[in-house]
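Data block for target_10.pdb (PDB, C-alpha atoms):
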```pdb
ATOM      1  CA  MET X  82      43.385 143.426  50.182
ATOM      2  CA  LYS X  83      43.990 142.895  53.867
ATOM      3  CA  ASP X  84      41.481 141.093  56.052
ATOM      4  CA  TRP X  85      41.012 143.886  58.583
ATOM      5  CA  THR X  86      38.560 141.827  60.632
ATOM      6  CA  ALA X  87      41.129 139.116  61.288
ATOM      7  CA  ILE X  88      43.847 141.682  61.969
ATOM      8  CA  ARG X  89      41.536 143.524  64.388
ATOM      9  CA  GLU X  90      40.613 140.353  66.256
ATOM     10  CA  ARG X  91      44.273 139.430  66.665
ATOM     11  CA  TYR X  92      45.301 142.964  67.628
ATOM     12  CA  LEU X  93      42.618 143.279  70.298
ATOM     13  CA  ARG X  94      43.867 140.169  72.105
ATOM     14  CA  ASP X  95      46.833 142.199  73.332
ATOM     15  CA  SER X  96      46.822 144.619  76.251
ATOM     16  CA  VAL X  97      46.764 148.355  75.527
ATOM     17  CA  PRO X  98      50.504 148.724  76.278
ATOM     18  CA  VAL X  99      51.371 145.948  73.807
ATOM     19  CA  ARG X 100      49.076 147.503  71.193
ATOM     20  CA  LEU X 101      50.824 150.830  71.675
ATOM     21  CA  GLY X 102      54.135 149.039  71.237
ATOM     22  CA  GLY X 103      52.859 147.634  67.940
ATOM     23  CA  LEU X 104      51.817 151.093  66.802
ATOM     24  CA  ALA X 105      55.233 152.474  67.773
ATOM     25  CA  ALA X 106      56.880 149.706  65.741
ATOM     26  CA  ASN X 107      54.746 150.609  62.708
ATOM     27  CA  LEU X 108      55.756 154.246  62.994
ATOM     28  CA  ARG X 109      59.424 153.266  63.196
ATOM     29  CA  ARG X 110      58.955 151.095  60.078
ATOM     30  CA  ILE X 111      57.560 154.147  58.280
ATOM     31  CA  LYS X 112      60.762 155.987  59.178
ATOM     32  CA  SER X 113      62.838 153.121  57.845
ATOM     33  CA  PHE X 114      60.929 152.493  54.620
ATOM     34  CA  ALA X 115      60.462 156.175  53.753
ATOM     35  CA  GLY X 116      64.152 156.410  52.944
ATOM     36  CA  HIS X 117      63.622 154.632  49.637
ATOM     37  CA  GLU X 118      61.284 155.985  46.967
ATOM     38  CA  ALA X 119      60.338 152.477  45.787
ATOM     39  CA  ASN X 120      58.671 151.703  49.155
ATOM     40  CA  VAL X 121      55.648 153.920  48.583
ATOM     41  CA  ALA X 122      53.123 151.045  48.758
ATOM     42  CA  VAL X 123      54.650 149.677  51.956
ATOM     43  CA  VAL X 124      54.511 153.072  53.657
ATOM     44  CA  GLU X 125      50.940 153.656  52.489
ATOM     45  CA  SER X 126      49.968 150.299  53.969
ATOM     46  CA  LEU X 127      51.699 151.098  57.262
ATOM     47  CA  LEU X 128      49.877 154.428  57.452
ATOM     48  CA  ASP X 129      46.512 152.719  56.929
ATOM     49  CA  GLU X 130      47.324 150.026  59.455
ATOM     50  CA  SER X 131      48.488 152.605  61.983
ATOM     51  CA  LYS X 132      45.220 154.502  61.707
ATOM     52  CA  PHE X 133      43.337 151.275  62.437
ATOM     53  CA  PHE X 134      45.632 150.491  65.382
ATOM     54  CA  ILE X 135      44.845 153.925  66.816
ATOM     55  CA  GLU X 136      41.111 153.473  66.312
ATOM     56  CA  TRP X 137      41.163 150.065  67.989
ATOM     57  CA  THR X 138      43.268 151.234  70.922
ATOM     58  CA  ALA X 139      42.187 154.781  71.753
ATOM     59  CA  ARG X 140      38.806 153.815  73.199
ATOM     60  CA  GLU X 141      40.477 151.632  75.841
ATOM     61  CA  ALA X 142      43.416 153.917  76.599
ATOM     62  CA  GLU X 143      43.723 156.520  79.344
ATOM     63  CA  VAL X 144      42.159 159.853  78.365
ATOM     64  CA  ASP X 145      45.487 161.654  77.841
ATOM     65  CA  THR X 146      46.842 158.778  75.778
ATOM     66  CA  ALA X 147      43.660 158.630  73.707
ATOM     67  CA  ALA X 148      43.894 162.365  73.017
ATOM     68  CA  GLU X 149      47.462 162.013  71.749
ATOM     69  CA  LEU X 150      46.486 159.034  69.618
ATOM     70  CA  VAL X 151      43.704 161.060  68.020
ATOM     71  CA  GLU X 152      46.219 163.824  67.309
ATOM     72  CA  LEU X 153      48.456 161.248  65.626
ATOM     73  CA  GLN X 154      45.552 159.876  63.618
ATOM     74  CA  ILE X 155      44.761 163.382  62.371
ATOM     75  CA  GLN X 156      48.427 163.836  61.415
ATOM     76  CA  ILE X 157      48.397 160.582  59.446
ATOM     77  CA  ALA X 158      45.167 161.582  57.677
ATOM     78  CA  PHE X 159      46.761 164.922  56.775
ATOM     79  CA  TRP X 160      49.781 163.138  55.303
ATOM     80  CA  GLN X 161      47.518 160.859  53.292
ATOM     81  CA  ARG X 162      45.545 163.781  51.928
ATOM     82  CA  THR X 163      48.633 165.148  50.185
ATOM     83  CA  TRP X 164      50.467 161.851  49.838
ATOM     84  CA  ALA X 165      51.486 162.072  46.158
ATOM     85  CA  THR X 166      53.074 165.469  46.706
ATOM     86  CA  ILE X 167      54.821 164.384  49.907
ATOM     87  CA  TRP X 168      56.189 161.146  48.513
ATOM     88  CA  ASN X 169      57.543 162.702  45.326
ATOM     89  CA  ASP X 170      59.466 165.356  47.238
ATOM     90  CA  PRO X 171      62.543 163.882  48.973
ATOM     91  CA  ILE X 172      62.628 166.703  51.523
ATOM     92  CA  GLN X 173      58.973 166.267  52.505
ATOM     93  CA  ARG X 174      59.380 162.499  52.561
ATOM     94  CA  GLN X 175      62.344 162.889  54.937
ATOM     95  CA  GLN X 176      60.263 165.181  57.146
ATOM     96  CA  ILE X 177      57.528 162.524  57.356
ATOM     97  CA  ALA X 178      60.179 159.957  58.239
ATOM     98  CA  GLU X 179      61.529 162.120  61.043
ATOM     99  CA  GLN X 180      58.042 162.932  62.354
ATOM    100  CA  SER X 181      57.211 159.229  62.331
ATOM    101  CA  LEU X 182      60.289 158.546  64.453
ATOM    102  CA  VAL X 183      59.279 161.244  66.954
ATOM    103  CA  TRP X 184      55.766 159.799  67.147
ATOM    104  CA  SER X 185      57.163 156.284  67.505
ATOM    105  CA  ASP X 186      59.248 157.326  70.500
ATOM    106  CA  ARG X 187      56.273 159.161  72.019
ATOM    107  CA  VAL X 188      53.881 156.224  71.582
ATOM    108  CA  LEU X 189      56.451 153.800  72.983
ATOM    109  CA  ASP X 190      56.841 156.079  75.993
ATOM    110  CA  MET X 191      53.043 156.181  76.450
ATOM    111  CA  SER X 192      52.952 152.385  76.354
ATOM    112  CA  GLY X 193      55.096 152.099  79.459
ATOM    113  CA  LEU X 194      56.699 148.959  78.025
ATOM    114  CA  LEU X 195      60.204 150.239  78.711
ATOM    115  CA  ASN X 196      59.495 151.172  82.339
ATOM    116  CA  ASP X 197      60.775 148.920  85.103
TER     117      ASP X 197
END
```
Encoding of this model in structure tokens:
Amino acid sequence: MKDWTAIRERYLRDSVPVRLGGLAANLRRIKSFAGHEANVAVVESLLDESKFFIEWTAREAEVDTAAELVELQIQIAFWQRTWATIWNDPIQRQQIAEQSLVWSDRVLDMSGLLND
């Protein structure tokens, strides 16, 4: 079991843009790991961690960013609600992977980390 308190304390030391970058990286990892059926536990863990990252970041983010993060959190919760069905269906699993990549790009864009 993860020590969420320690993870939260460490995560909150970073600025909101860096936190968003971390969330984007998690979402990209979901895309990567979802390609292999044996990675179910890793992806489940990344989904849980991503929901926490959103919770810990949204309250300090700009209103528009927070709204999009909440939308993402709802999407993740929806995936988790039907997780066994999604994971056991290669087509649905691929769709989750692709959606995770889209969200990753969006969150990275919101972070502003790639702007000059």
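Distances to Ile172 (chain X) were evaluated for X:Glu149, X:Glu125, X:Ile157, X:Gly116 using only C-alpha atoms, and the minimum falls at X:Gly116.
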Might you pull out every residue within 8 Å of region 131-146 of chain X, with all atoms listed in the file counted and same-chain residues fewer than 3 positions away left off, and present them as an NGL selection string? :X and (89 or 92-93 or 97 or 100-101 or 104 or 107-108 or 127-128 or 149-151 or 154 or 157 or 191)
12 Å contact set for His117 (chain X), all atoms listed in the file, chain neighbours under 2 positions out, as a PyMOL selection string: chain X and resi 110-115+119-124+168-171+174-175+178
Of the candidates X:Arg162, X:Lys83, X:Arg94, X:Arg109, which one gets nearest to Val188 (chain X) if we count all atoms listed in the file? X:Arg109
With distances taken over only C-alpha atoms, which of X:Leu194, X:Leu189, X:Glu118, X:Thr86 is nearest to Gln173 (chain X)? X:Glu118
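Here CA of Gln176 (chain X) stands at a distance of 21.2 Å from CA of Asp190 (chain X).
Coordinates place CA of Trp184 (chain X) at a distance of 15.3 Å from CA of Pro98 (chain X).
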Would you work out the distance separating CA of Leu153 (chain X) from CA of Glu179 (chain X), expressed in Å to one decimal?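 Interatomic distance, CA of Leu153 (chain X) to CA of Glu179 (chain X): 13.9 Å.
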